[in-house]
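coords-v1.cif (mmCIF, C-alpha atoms; chains and numbers go by the auth columns) appears below.
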```
data_my_file
#
loop_
_atom_site.group_PDB
_atom_site.id
_atom_site.type_symbol
_atom_site.label_atom_id
_atom_site.label_comp_id
_atom_site.label_asym_id
_atom_site.label_seq_id
_atom_site.Cartn_x
_atom_site.Cartn_y
_atom_site.Cartn_z
_atom_site.B_iso_or_equiv
_atom_site.auth_seq_id
_atom_site.auth_asym_id
ATOM 1 C CA MET A 1 0.000 0.000 0.000 0.00 1 D
ATOM 2 C CA VAL A 2 2.965 2.309 0.641 0.00 2 D
ATOM 3 C CA ALA A 3 5.796 2.049 -1.853 0.00 3 D
ATOM 4 C CA ALA A 4 9.238 3.654 -1.707 0.00 4 D
ATOM 5 C CA LEU A 5 10.483 4.480 -5.183 0.00 5 D
ATOM 6 C CA GLY A 6 13.447 6.258 -6.736 0.00 6 D
ATOM 7 C CA ARG A 7 16.203 7.701 -4.587 0.00 7 D
ATOM 8 C CA PRO A 8 16.566 6.540 -0.957 0.00 8 D
ATOM 9 C CA GLY A 9 14.331 8.598 1.340 0.00 9 D
ATOM 10 C CA THR A 10 11.772 9.517 -1.325 0.00 10 D
ATOM 11 C CA VAL A 11 8.204 8.250 -1.208 0.00 11 D
ATOM 12 C CA ARG A 12 5.435 8.424 -3.793 0.00 12 D
ATOM 13 C CA LEU A 13 1.898 7.916 -2.573 0.00 13 D
ATOM 14 C CA SER A 14 -1.384 8.963 -4.144 0.00 14 D
ATOM 15 C CA LEU A 15 -4.086 10.773 -2.149 0.00 15 D
ATOM 16 C CA ASP A 16 -6.424 7.847 -2.735 0.00 16 D
ATOM 17 C CA SER A 17 -3.842 5.371 -1.447 0.00 17 D
ATOM 18 C CA LEU A 18 -3.226 7.488 1.636 0.00 18 D
ATOM 19 C CA TRP A 19 -6.944 7.631 2.418 0.00 19 D
ATOM 20 C CA LYS A 20 -7.346 3.871 1.960 0.00 20 D
ATOM 21 C CA ALA A 21 -4.327 3.219 4.150 0.00 21 D
ATOM 22 C CA ARG A 22 -5.603 5.558 6.822 0.00 22 D
ATOM 23 C CA THR A 23 -9.039 3.933 6.773 0.00 23 D
ATOM 24 C CA VAL A 24 -7.477 0.506 7.364 0.00 24 D
ATOM 25 C CA LEU A 25 -4.783 1.491 9.845 0.00 25 D
ATOM 26 C CA GLY A 26 -6.607 4.270 11.686 0.00 26 D
ATOM 27 C CA SER A 27 -4.673 6.501 14.054 0.00 27 D
ATOM 28 C CA SER A 28 -1.523 4.360 13.843 0.00 28 D
ATOM 29 C CA LEU A 29 -0.970 5.772 10.372 0.00 29 D
ATOM 30 C CA SER A 30 -0.376 9.249 11.795 0.00 30 D
ATOM 31 C CA ILE A 31 3.085 8.213 13.034 0.00 31 D
ATOM 32 C CA THR A 32 3.945 6.889 9.582 0.00 32 D
ATOM 33 C CA VAL A 33 2.736 10.071 7.895 0.00 33 D
ATOM 34 C CA LYS A 34 4.772 12.236 10.283 0.00 34 D
ATOM 35 C CA THR A 35 7.801 10.199 9.272 0.00 35 D
ATOM 36 C CA LEU A 36 6.968 10.661 5.600 0.00 36 D
ATOM 37 C CA ALA A 37 6.577 14.409 6.132 0.00 37 D
ATOM 38 C CA THR A 38 10.063 14.649 7.628 0.00 38 D
ATOM 39 C CA HIS A 39 11.409 12.991 4.468 0.00 39 D
ATOM 40 C CA GLY A 40 9.906 15.638 2.234 0.00 40 D
ATOM 41 C CA PHE A 41 6.500 14.059 1.539 0.00 41 D
ATOM 42 C CA GLY A 42 4.867 17.367 2.413 0.00 42 D
ATOM 43 C CA VAL A 43 2.931 19.208 5.053 0.00 43 D
ATOM 44 C CA ALA A 44 -0.305 18.719 3.106 0.00 44 D
ATOM 45 C CA MET A 45 -0.169 14.953 3.545 0.00 45 D
ATOM 46 C CA ALA A 46 0.472 15.236 7.258 0.00 46 D
ATOM 47 C CA ALA A 47 -2.390 17.701 7.618 0.00 47 D
ATOM 48 C CA MET A 48 -4.753 15.420 5.720 0.00 48 D
ATOM 49 C CA ALA A 49 -3.841 12.472 7.918 0.00 49 D
ATOM 50 C CA ALA A 50 -4.661 14.570 10.972 0.00 50 D
ATOM 51 C CA ILE A 51 -8.365 14.130 10.137 0.00 51 D
ATOM 52 C CA PRO A 52 -9.467 10.698 11.393 0.00 52 D
ATOM 53 C CA PRO A 53 -11.653 8.552 9.122 0.00 53 D
ATOM 54 C CA GLN A 54 -15.230 9.737 9.488 0.00 54 D
ATOM 55 C CA ARG A 55 -18.386 7.629 9.449 0.00 55 D
ATOM 56 C CA TYR A 56 -19.821 9.573 6.510 0.00 56 D
ATOM 57 C CA HIS A 57 -18.658 10.322 2.989 0.00 57 D
ATOM 58 C CA TYR A 58 -20.333 13.747 3.132 0.00 58 D
ATOM 59 C CA PHE A 59 -21.675 16.154 5.720 0.00 59 D
ATOM 60 C CA LEU A 60 -24.551 18.414 4.623 0.00 60 D
ATOM 61 C CA VAL A 61 -24.430 21.610 6.657 0.00 61 D
ATOM 62 C CA LEU A 62 -27.814 23.310 6.918 0.00 62 D
ATOM 63 C CA ASP A 63 -29.047 26.437 8.692 0.00 63 D
ATOM 64 C CA PHE A 64 -32.521 27.876 8.052 0.00 64 D
ATOM 65 C CA GLU A 65 -33.653 31.436 8.543 0.00 65 D
ATOM 66 C CA ALA A 66 -37.373 31.893 9.113 0.00 66 D
ATOM 67 C CA THR A 67 -40.024 34.579 9.509 0.00 67 D
ATOM 68 C CA CYS A 68 -40.015 35.972 13.036 0.00 68 D
ATOM 69 C CA ASP A 69 -41.159 38.831 15.234 0.00 69 D
ATOM 70 C CA LYS A 70 -41.654 39.814 18.869 0.00 70 D
ATOM 71 C CA PRO A 71 -43.973 38.338 20.032 0.00 71 D
ATOM 72 C CA GLN A 72 -43.355 35.371 17.745 0.00 72 D
ATOM 73 C CA ILE A 73 -45.617 34.935 14.728 0.00 73 D
ATOM 74 C CA HIS A 74 -47.255 31.603 13.910 0.00 74 D
ATOM 75 C CA PRO A 75 -46.625 29.696 11.834 0.00 75 D
ATOM 76 C CA GLN A 76 -42.993 30.506 11.206 0.00 76 D
ATOM 77 C CA GLU A 77 -41.924 29.959 7.594 0.00 77 D
ATOM 78 C CA ILE A 78 -38.509 29.189 6.137 0.00 78 D
ATOM 79 C CA ILE A 79 -37.183 32.099 4.066 0.00 79 D
ATOM 80 C CA GLU A 80 -33.549 31.014 3.516 0.00 80 D
ATOM 81 C CA PHE A 81 -32.555 27.447 2.662 0.00 81 D
ATOM 82 C CA PRO A 82 -28.754 26.929 2.444 0.00 82 D
ATOM 83 C CA ILE A 83 -26.814 23.638 2.355 0.00 83 D
ATOM 84 C CA LEU A 84 -23.049 23.128 2.132 0.00 84 D
ATOM 85 C CA LYS A 85 -21.722 19.744 1.014 0.00 85 D
ATOM 86 C CA LEU A 86 -18.551 18.897 2.968 0.00 86 D
ATOM 87 C CA ASN A 87 -16.209 16.118 1.900 0.00 87 D
ATOM 88 C CA GLY A 88 -15.866 13.690 4.822 0.00 88 D
ATOM 89 C CA GLN A 89 -12.185 13.041 4.065 0.00 89 D
ATOM 90 C CA THR A 90 -10.985 16.633 3.780 0.00 90 D
ATOM 91 C CA MET A 91 -13.816 18.611 5.460 0.00 91 D
ATOM 92 C CA GLU A 92 -13.666 21.004 2.508 0.00 92 D
ATOM 93 C CA ILE A 93 -16.780 22.471 0.850 0.00 93 D
ATOM 94 C CA GLU A 94 -17.468 20.745 -2.476 0.00 94 D
ATOM 95 C CA SER A 95 -20.862 22.165 -3.440 0.00 95 D
ATOM 96 C CA THR A 96 -23.441 24.718 -2.289 0.00 96 D
ATOM 97 C CA PHE A 97 -27.238 24.826 -2.468 0.00 97 D
ATOM 98 C CA HIS A 98 -28.712 28.212 -1.590 0.00 98 D
ATOM 99 C CA MET A 99 -32.189 29.582 -2.213 0.00 99 D
ATOM 100 C CA TYR A 100 -34.519 32.116 -0.664 0.00 100 D
ATOM 101 C CA VAL A 101 -38.127 31.089 -0.125 0.00 101 D
ATOM 102 C CA GLN A 102 -41.296 33.146 -0.440 0.00 102 D
ATOM 103 C CA PRO A 103 -43.422 32.824 2.709 0.00 103 D
ATOM 104 C CA ALA A 104 -47.090 32.050 2.028 0.00 104 D
ATOM 105 C CA VAL A 105 -48.940 32.694 5.296 0.00 105 D
ATOM 106 C CA HIS A 106 -47.124 35.896 6.305 0.00 106 D
ATOM 107 C CA PRO A 107 -45.661 37.132 3.003 0.00 107 D
ATOM 108 C CA GLN A 108 -44.565 40.500 4.427 0.00 108 D
ATOM 109 C CA LEU A 109 -41.358 40.320 6.469 0.00 109 D
ATOM 110 C CA THR A 110 -41.360 42.172 9.764 0.00 110 D
ATOM 111 C CA PRO A 111 -38.765 44.854 10.552 0.00 111 D
ATOM 112 C CA PHE A 112 -37.539 42.597 13.374 0.00 112 D
ATOM 113 C CA CYS A 113 -36.962 39.727 10.920 0.00 113 D
ATOM 114 C CA THR A 114 -35.037 41.919 8.486 0.00 114 D
ATOM 115 C CA GLU A 115 -32.902 43.402 11.260 0.00 115 D
ATOM 116 C CA LEU A 116 -32.109 39.953 12.685 0.00 116 D
ATOM 117 C CA THR A 117 -31.424 38.059 9.461 0.00 117 D
ATOM 118 C CA GLY A 118 -30.442 40.787 7.005 0.00 118 D
ATOM 119 C CA ILE A 119 -33.067 39.426 4.591 0.00 119 D
ATOM 120 C CA ILE A 120 -35.089 42.229 2.980 0.00 120 D
ATOM 121 C CA GLN A 121 -38.484 41.949 1.313 0.00 121 D
ATOM 122 C CA GLY A 122 -37.058 42.014 -2.205 0.00 122 D
ATOM 123 C CA MET A 123 -34.987 38.918 -1.473 0.00 123 D
ATOM 124 C CA VAL A 124 -38.078 36.740 -0.915 0.00 124 D
ATOM 125 C CA ASP A 125 -40.669 38.348 -3.204 0.00 125 D
ATOM 126 C CA GLY A 126 -41.162 36.214 -6.299 0.00 126 D
ATOM 127 C CA GLN A 127 -38.977 33.382 -4.971 0.00 127 D
ATOM 128 C CA PRO A 128 -40.106 29.732 -5.133 0.00 128 D
ATOM 129 C CA SER A 129 -42.448 28.288 -2.522 0.00 129 D
ATOM 130 C CA LEU A 130 -41.147 25.831 0.072 0.00 130 D
ATOM 131 C CA GLN A 131 -42.590 22.943 -1.942 0.00 131 D
ATOM 132 C CA GLN A 132 -40.690 24.093 -5.036 0.00 132 D
ATOM 133 C CA VAL A 133 -37.470 24.580 -3.067 0.00 133 D
ATOM 134 C CA LEU A 134 -37.738 21.103 -1.567 0.00 134 D
ATOM 135 C CA GLU A 135 -38.104 19.694 -5.083 0.00 135 D
ATOM 136 C CA ARG A 136 -34.930 21.539 -6.110 0.00 136 D
ATOM 137 C CA VAL A 137 -33.118 20.249 -3.033 0.00 137 D
ATOM 138 C CA ASP A 138 -33.983 16.722 -4.130 0.00 138 D
ATOM 139 C CA GLU A 139 -32.710 17.441 -7.641 0.00 139 D
ATOM 140 C CA TRP A 140 -29.471 18.847 -6.190 0.00 140 D
ATOM 141 C CA MET A 141 -29.069 15.816 -3.912 0.00 141 D
ATOM 142 C CA ALA A 142 -29.454 13.531 -6.935 0.00 142 D
ATOM 143 C CA LYS A 143 -27.015 15.560 -9.052 0.00 143 D
ATOM 144 C CA GLU A 144 -24.418 15.444 -6.260 0.00 144 D
ATOM 145 C CA GLY A 145 -24.746 11.659 -5.960 0.00 145 D
ATOM 146 C CA LEU A 146 -26.124 11.928 -2.441 0.00 146 D
ATOM 147 C CA LEU A 147 -29.145 9.702 -3.137 0.00 147 D
ATOM 148 C CA ASP A 148 -26.918 6.758 -4.074 0.00 148 D
ATOM 149 C CA PRO A 149 -27.504 4.080 -1.383 0.00 149 D
ATOM 150 C CA SER A 150 -23.765 3.402 -1.253 0.00 150 D
ATOM 151 C CA VAL A 151 -22.997 7.020 -0.349 0.00 151 D
ATOM 152 C CA LYS A 152 -23.282 7.837 3.356 0.00 152 D
ATOM 153 C CA SER A 153 -24.238 11.415 4.120 0.00 153 D
ATOM 154 C CA ILE A 154 -25.903 13.206 7.014 0.00 154 D
ATOM 155 C CA PHE A 155 -27.143 16.714 7.729 0.00 155 D
ATOM 156 C CA VAL A 156 -25.438 18.889 10.329 0.00 156 D
ATOM 157 C CA THR A 157 -27.218 21.732 12.131 0.00 157 D
ATOM 158 C CA CYS A 158 -26.423 24.099 14.989 0.00 158 D
ATOM 159 C CA GLY A 159 -29.052 22.731 17.366 0.00 159 D
ATOM 160 C CA ASP A 160 -32.104 20.570 16.757 0.00 160 D
ATOM 161 C CA TRP A 161 -34.532 23.341 15.781 0.00 161 D
ATOM 162 C CA ASP A 162 -34.004 23.252 12.005 0.00 162 D
ATOM 163 C CA LEU A 163 -34.857 19.587 11.378 0.00 163 D
ATOM 164 C CA LYS A 164 -36.739 18.603 14.527 0.00 164 D
ATOM 165 C CA VAL A 165 -39.049 21.613 14.733 0.00 165 D
ATOM 166 C CA MET A 166 -38.947 24.045 11.804 0.00 166 D
ATOM 167 C CA LEU A 167 -38.998 21.881 8.687 0.00 167 D
ATOM 168 C CA PRO A 168 -41.374 19.138 9.891 0.00 168 D
ATOM 169 C CA GLY A 169 -43.641 21.746 11.488 0.00 169 D
ATOM 170 C CA GLN A 170 -43.984 23.808 8.321 0.00 170 D
ATOM 171 C CA CYS A 171 -44.319 20.723 6.122 0.00 171 D
ATOM 172 C CA HIS A 172 -47.103 19.443 8.390 0.00 172 D
ATOM 173 C CA TYR A 173 -48.873 22.815 8.202 0.00 173 D
ATOM 174 C CA LEU A 174 -48.655 22.830 4.383 0.00 174 D
ATOM 175 C CA GLY A 175 -49.410 19.124 3.964 0.00 175 D
ATOM 176 C CA LEU A 176 -45.992 18.357 2.467 0.00 176 D
ATOM 177 C CA PRO A 177 -43.975 15.158 3.001 0.00 177 D
ATOM 178 C CA VAL A 178 -40.572 15.287 4.709 0.00 178 D
ATOM 179 C CA ALA A 179 -37.870 13.386 2.824 0.00 179 D
ATOM 180 C CA ASP A 180 -36.179 10.628 4.816 0.00 180 D
ATOM 181 C CA TYR A 181 -32.749 12.246 4.458 0.00 181 D
ATOM 182 C CA PHE A 182 -33.978 15.146 6.621 0.00 182 D
ATOM 183 C CA LYS A 183 -34.886 12.810 9.492 0.00 183 D
ATOM 184 C CA GLN A 184 -31.366 12.147 10.800 0.00 184 D
ATOM 185 C CA TRP A 185 -28.753 14.731 11.646 0.00 185 D
ATOM 186 C CA ILE A 186 -25.795 15.788 13.763 0.00 186 D
ATOM 187 C CA ASN A 187 -26.376 18.567 16.295 0.00 187 D
ATOM 188 C CA LEU A 188 -23.112 20.525 16.228 0.00 188 D
ATOM 189 C CA LYS A 189 -23.711 21.833 19.762 0.00 189 D
ATOM 190 C CA LYS A 190 -23.712 18.274 21.074 0.00 190 D
ATOM 191 C CA ALA A 191 -20.674 17.338 18.994 0.00 191 D
ATOM 192 C CA TYR A 192 -18.797 20.389 20.292 0.00 192 D
ATOM 193 C CA SER A 193 -19.724 19.588 23.892 0.00 193 D
ATOM 194 C CA PHE A 194 -18.472 15.998 23.451 0.00 194 D
ATOM 195 C CA ALA A 195 -15.202 17.269 21.987 0.00 195 D
ATOM 196 C CA MET A 196 -14.568 20.266 24.236 0.00 196 D
ATOM 197 C CA GLY A 197 -16.325 19.320 27.479 0.00 197 D
ATOM 198 C CA SER A 198 -18.548 22.418 27.660 0.00 198 D
ATOM 199 C CA TRP A 199 -21.954 23.346 26.281 0.00 199 D
ATOM 200 C CA PRO A 200 -21.982 26.336 23.857 0.00 200 D
ATOM 201 C CA LYS A 201 -24.834 28.383 25.345 0.00 201 D
ATOM 202 C CA ASN A 202 -24.486 31.065 22.671 0.00 202 D
ATOM 203 C CA GLY A 203 -24.148 28.620 19.809 0.00 203 D
ATOM 204 C CA LEU A 204 -21.746 29.536 17.026 0.00 204 D
ATOM 205 C CA LEU A 205 -20.315 32.513 18.894 0.00 205 D
ATOM 206 C CA ASP A 206 -19.241 30.340 21.837 0.00 206 D
ATOM 207 C CA MET A 207 -17.910 27.583 19.577 0.00 207 D
ATOM 208 C CA ASN A 208 -15.826 30.009 17.528 0.00 208 D
ATOM 209 C CA LYS A 209 -14.501 31.588 20.709 0.00 209 D
ATOM 210 C CA GLY A 210 -13.703 28.213 22.259 0.00 210 D
ATOM 211 C CA LEU A 211 -11.731 27.184 19.168 0.00 211 D
ATOM 212 C CA ASN A 212 -10.103 30.606 18.630 0.00 212 D
ATOM 213 C CA LEU A 213 -11.823 31.005 15.274 0.00 213 D
ATOM 214 C CA GLN A 214 -12.853 34.239 13.586 0.00 214 D
ATOM 215 C CA HIS A 215 -16.611 34.496 13.005 0.00 215 D
ATOM 216 C CA ILE A 216 -17.421 34.395 9.294 0.00 216 D
ATOM 217 C CA GLY A 217 -19.884 36.901 7.867 0.00 217 D
ATOM 218 C CA ARG A 218 -23.103 38.087 9.488 0.00 218 D
ATOM 219 C CA PRO A 219 -24.735 36.324 12.447 0.00 219 D
ATOM 220 C CA HIS A 220 -28.175 34.935 11.512 0.00 220 D
ATOM 221 C CA SER A 221 -27.386 34.856 7.817 0.00 221 D
ATOM 222 C CA GLY A 222 -28.180 31.259 6.900 0.00 222 D
ATOM 223 C CA ILE A 223 -25.375 30.845 4.375 0.00 223 D
ATOM 224 C CA ASP A 224 -22.822 32.551 6.655 0.00 224 D
ATOM 225 C CA ASP A 225 -23.899 30.418 9.603 0.00 225 D
ATOM 226 C CA CYS A 226 -23.358 27.336 7.418 0.00 226 D
ATOM 227 C CA LYS A 227 -19.816 28.514 6.668 0.00 227 D
ATOM 228 C CA ASN A 228 -19.145 28.924 10.392 0.00 228 D
ATOM 229 C CA ILE A 229 -20.513 25.450 11.112 0.00 229 D
ATOM 230 C CA ALA A 230 -18.278 24.002 8.393 0.00 230 D
ATOM 231 C CA ASN A 231 -15.233 25.809 9.771 0.00 231 D
ATOM 232 C CA ILE A 232 -15.923 24.550 13.299 0.00 232 D
ATOM 233 C CA MET A 233 -16.368 20.990 12.018 0.00 233 D
ATOM 234 C CA LYS A 234 -13.102 21.151 10.088 0.00 234 D
ATOM 235 C CA THR A 235 -11.268 22.436 13.157 0.00 235 D
ATOM 236 C CA LEU A 236 -12.698 19.717 15.412 0.00 236 D
ATOM 237 C CA ALA A 237 -11.897 17.042 12.814 0.00 237 D
ATOM 238 C CA HIS A 238 -8.277 18.200 12.607 0.00 238 D
ATOM 239 C CA ARG A 239 -8.170 17.784 16.386 0.00 239 D
ATOM 240 C CA GLY A 240 -9.138 14.144 15.926 0.00 240 D
ATOM 241 C CA PHE A 241 -12.912 14.311 16.525 0.00 241 D
ATOM 242 C CA ILE A 242 -15.170 11.781 14.794 0.00 242 D
ATOM 243 C CA PHE A 243 -18.697 13.064 14.150 0.00 243 D
ATOM 244 C CA LYS A 244 -21.631 10.813 15.051 0.00 244 D
ATOM 245 C CA GLN A 245 -25.367 11.079 14.536 0.00 245 D
ATOM 246 C CA THR A 246 -27.066 12.756 17.495 0.00 246 D
ATOM 247 C CA SER A 247 -30.720 12.707 16.385 0.00 247 D
ATOM 248 C CA LYS A 248 -33.155 9.834 16.533 0.00 248 D
ATOM 249 C CA PRO A 249 -34.976 9.053 13.271 0.00 249 D
ATOM 250 C CA PHE A 250 -38.648 10.094 13.339 0.00 250 D
#
```
The structure given in the file should be rewritten as structure tokens.
Amino acid sequence: MVAALGRPGTVRLSLDSLWKARTVLGSSLSITVKTLATHGFGVAMAAMAAIPPQRYHYFLVLDFEATCDKPQIHPQEIIEFPILKLNGQTMEIESTFHMYVQPAVHPQLTPFCTELTGIIQGMVDGQPSLQQVLERVDEWMAKEGLLDPSVKSIFVTCGDWDLKVMLPGQCHYLGLPVADYFKQWINLKKAYSFAMGSWPKNGLLDMNKGLNLQHIGRPHSGIDDCKNIANIMKTLAHRGFIFKQTSKPF
């Protein structure tokens, strides 16, 4: 699986071979890779090997924004639907799905909602309905190969609200089915608490602070929150954390 070729002290190894070797040998390979790095194999290989083999080929980072006000309006409706596809080997973003959604029950956004999320009325007017967006999500999942039974993927959210409360609640209200792939996920808050030993009361802000990471973009922007989640996951993975499902299928 590892072959020394050419001059003494030089090693040639493909990325695919390294991943396969790491999957078989697990953490013991890290010592070997450190040795290879000292012989000029490269910092990139050592960094890649720092990420332990994950249980999933892809992580699908999701963070909804929804209609809101004080006091809260009912029903809440999803107005931003972003997903980032992370490669489970590298924790790098490979593809992005991002759409705004026109609310049906309360089509006019409140000033509170715009101030919180940064989403203005013109960003949702004329956009597809939730049903149409869900159809496009399914098309994107198929195009990305995520519906292949041999490909293991799972959604990742900052908390349980997005997939335990918001999506099933709105789908129930509108009489829409919830796809099975939305029924299992990883709660990043739980993963962070397992890895770091403390619960992030303030969500992404606490997790970024705990990992000495710079916050990306605007808080409560769905797509920016997804980027922060992805960055936190990558950092935890490089520290040796293996992500596991935290939800129970419903």
> What is the distance, in Å and to one decimal place, between CA of Thr235 in chain D and CA of Pro82 in chain D?
Replying inline: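 These atoms are spaced 21.0 Å apart.
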> Counting all atoms listed in the file, what is within 7 Å of His238 in chain D, bar same-chain residues fewer than 2 positions away, as a VMD selection string?
Replying inline: chain D and resid 50 to 51 234 to 236 240
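Only residues having an atom at most 7 Å from (-20.6, 22.2, 0.9) are included; using all atoms listed in the file, these are Leu60, Val61, Ile83, Leu84, Lys85, Leu86, Ile93, Glu94, Ser95 and Thr96 of chain D.
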> CA of Ile154 in chain D and CA of Gln184 in chain D, how far apart in Å?
Replying inline: 6.7 Å
>> Can you translate the PyMOL selection byres ((chain D and resi 73) around 12) into the concrete residues it hits in this file, as a ChimeraX atom specification?
In response: /D:66-72,74-77,105-110,112-113
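Computed from the coordinates, the CA of Ala191 in chain D to CA of Gly145 in chain D distance equals 25.9 Å.
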>> Which residues would end up in the selection if the PyMOL selection byres ((chain D and resi 115-120) around 8) were applied here, given that I need the answer as a count of residues only?
In response: 14
> Taking all atoms listed in the file into account, which of D:Ile78, D:Met91, D:Val101, D:Ala237 comes nearest Cys171 in chain D?
Replying inline: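 Closest to Cys171 in chain D of all the choices is D:Ile78.
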> Which is closer to Val151 in chain D than all the others in D:Asp63, D:Gln245, D:Gly88, D:Phe81, using all atoms listed in the file?
Replying inline: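 Comparing D:Asp63, D:Gln245, D:Gly88, D:Phe81 against Val151 in chain D, the winner is D:Gly88.
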>> Just want the 10 Å neighbourhood of Ile186 in chain D, counted on all atoms listed in the file, with same-chain residues fewer than 2 positions away dropped. Output as a PyMOL selection string.
In response: chain D and resi 59-61+154-160+184+188-191+243-248
>> Suppose a student applies the PyMOL selection byres ((chain D and resi 232) around 8) to this structure; what residues should they get, written as a list in words?
In response: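 On the file shown, the PyMOL selection byres ((chain D and resi 232) around 8) covers Met207, Asn208, Leu211, Leu213, Asn228, Ile229, Ala230, Asn231, Met233, Lys234, Thr235 and Leu236 of chain D.
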> Could you name the residues that touch Leu174 in chain D at 10 Å or less, counting all atoms listed in the file, but leaving out those on the same chain fewer than 2 positions away, as a list in words?
Replying inline: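 Here the answer would be Ala104, Val105, Leu130, Gln131, Pro168, Gly169, Gln170, Cys171, His172, Leu176 and Pro177 of chain D.
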> So, counting all atoms listed in the file, which residue among D:Lys183, D:Arg55, D:Arg136, D:Arg239 is closest to Met196 in chain D?
Replying inline: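 Closest to Met196 in chain D, using all atoms listed in the file: D:Arg239.
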> Nearest to Trp185 in chain D: which of D:Ser198, D:Thr90, D:Asn212, D:Ser153 is it, counting all atoms listed in the file?
Replying inline: D:Ser153
>> Here is a test: counting all atoms listed in the file, which residue of D:Leu205, D:Leu62, D:Gln89, D:Ser150 is nearest to Arg218 in chain D?
In response: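 Checking each of D:Leu205, D:Leu62, D:Gln89, D:Ser150 against Arg218 in chain D, counting all atoms listed in the file, the winner is D:Leu205.
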Quick one: 5 Å padding each side, axis-aligned, all listed atoms of range 176-185 of chain D - centre and edge lengths in Å to one decimal, as JSON?
```
{"center_x": -37.4, "center_y": 14.5, "center_z": 7.1, "size_x": 27.2, "size_y": 17.7, "size_z": 19.2}
```
Could you write range 175-187 of chain D as an mmCIF file, in the coordinates of the input, with N, CA, C and O atoms rebuilt where they are missing?
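What follows is the written file selection-v5.cif:
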```
data_model
loop_
_atom_site.group_PDB
_atom_site.id
_atom_site.type_symbol
_atom_site.label_atom_id
_atom_site.label_comp_id
_atom_site.auth_asym_id
_atom_site.auth_seq_id
_atom_site.Cartn_x
_atom_site.Cartn_y
_atom_site.Cartn_z
ATOM 1 N N GLY D 175 -49.044 20.422 4.506
ATOM 2 C CA GLY D 175 -49.410 19.124 3.964
ATOM 3 C C GLY D 175 -48.364 18.550 3.028
ATOM 4 O O GLY D 175 -48.688 17.826 2.076
ATOM 5 N N LEU D 176 -47.089 18.842 3.307
ATOM 6 C CA LEU D 176 -45.992 18.357 2.467
ATOM 7 C C LEU D 176 -45.257 17.209 3.153
ATOM 8 O O LEU D 176 -45.112 17.211 4.377
ATOM 9 N N PRO D 177 -44.758 16.238 2.392
ATOM 10 C CA PRO D 177 -43.975 15.158 3.001
ATOM 11 C C PRO D 177 -42.577 15.645 3.358
ATOM 12 O O PRO D 177 -42.056 16.592 2.760
ATOM 13 N N VAL D 178 -41.958 14.992 4.338
ATOM 14 C CA VAL D 178 -40.572 15.287 4.709
ATOM 15 C C VAL D 178 -39.712 14.135 4.214
ATOM 16 O O VAL D 178 -39.929 12.980 4.606
ATOM 17 N N ALA D 179 -38.748 14.429 3.377
ATOM 18 C CA ALA D 179 -37.870 13.386 2.824
ATOM 19 C C ALA D 179 -37.106 12.694 3.950
ATOM 20 O O ALA D 179 -36.744 13.316 4.951
ATOM 21 N N ASP D 180 -36.853 11.406 3.778
ATOM 22 C CA ASP D 180 -36.179 10.628 4.816
ATOM 23 C C ASP D 180 -34.796 11.183 5.156
ATOM 24 O O ASP D 180 -34.346 11.067 6.293
ATOM 25 N N TYR D 181 -34.101 11.765 4.168
ATOM 26 C CA TYR D 181 -32.749 12.246 4.458
ATOM 27 C C TYR D 181 -32.731 13.430 5.421
ATOM 28 O O TYR D 181 -31.691 13.772 5.963
ATOM 29 N N PHE D 182 -33.892 14.062 5.638
ATOM 30 C CA PHE D 182 -33.978 15.146 6.621
ATOM 31 C C PHE D 182 -34.249 14.634 8.043
ATOM 32 O O PHE D 182 -34.327 15.426 8.981
ATOM 33 N N LYS D 183 -34.426 13.341 8.210
ATOM 34 C CA LYS D 183 -34.886 12.810 9.492
ATOM 35 C C LYS D 183 -33.762 12.315 10.398
ATOM 36 O O LYS D 183 -34.015 11.783 11.477
ATOM 37 N N GLN D 184 -32.521 12.477 9.969
ATOM 38 C CA GLN D 184 -31.366 12.147 10.800
ATOM 39 C C GLN D 184 -30.344 13.257 10.639
ATOM 40 O O GLN D 184 -30.146 13.765 9.533
ATOM 41 N N TRP D 185 -29.717 13.635 11.732
ATOM 42 C CA TRP D 185 -28.753 14.731 11.646
ATOM 43 C C TRP D 185 -27.776 14.702 12.813
ATOM 44 O O TRP D 185 -27.929 13.942 13.768
ATOM 45 N N ILE D 186 -26.769 15.560 12.701
ATOM 46 C CA ILE D 186 -25.795 15.788 13.763
ATOM 47 C C ILE D 186 -26.038 17.182 14.321
ATOM 48 O O ILE D 186 -26.046 18.159 13.564
ATOM 49 N N ASN D 187 -26.251 17.278 15.614
ATOM 50 C CA ASN D 187 -26.376 18.567 16.295
ATOM 51 C C ASN D 187 -24.966 19.021 16.656
ATOM 52 O O ASN D 187 -24.312 18.425 17.510
#
```
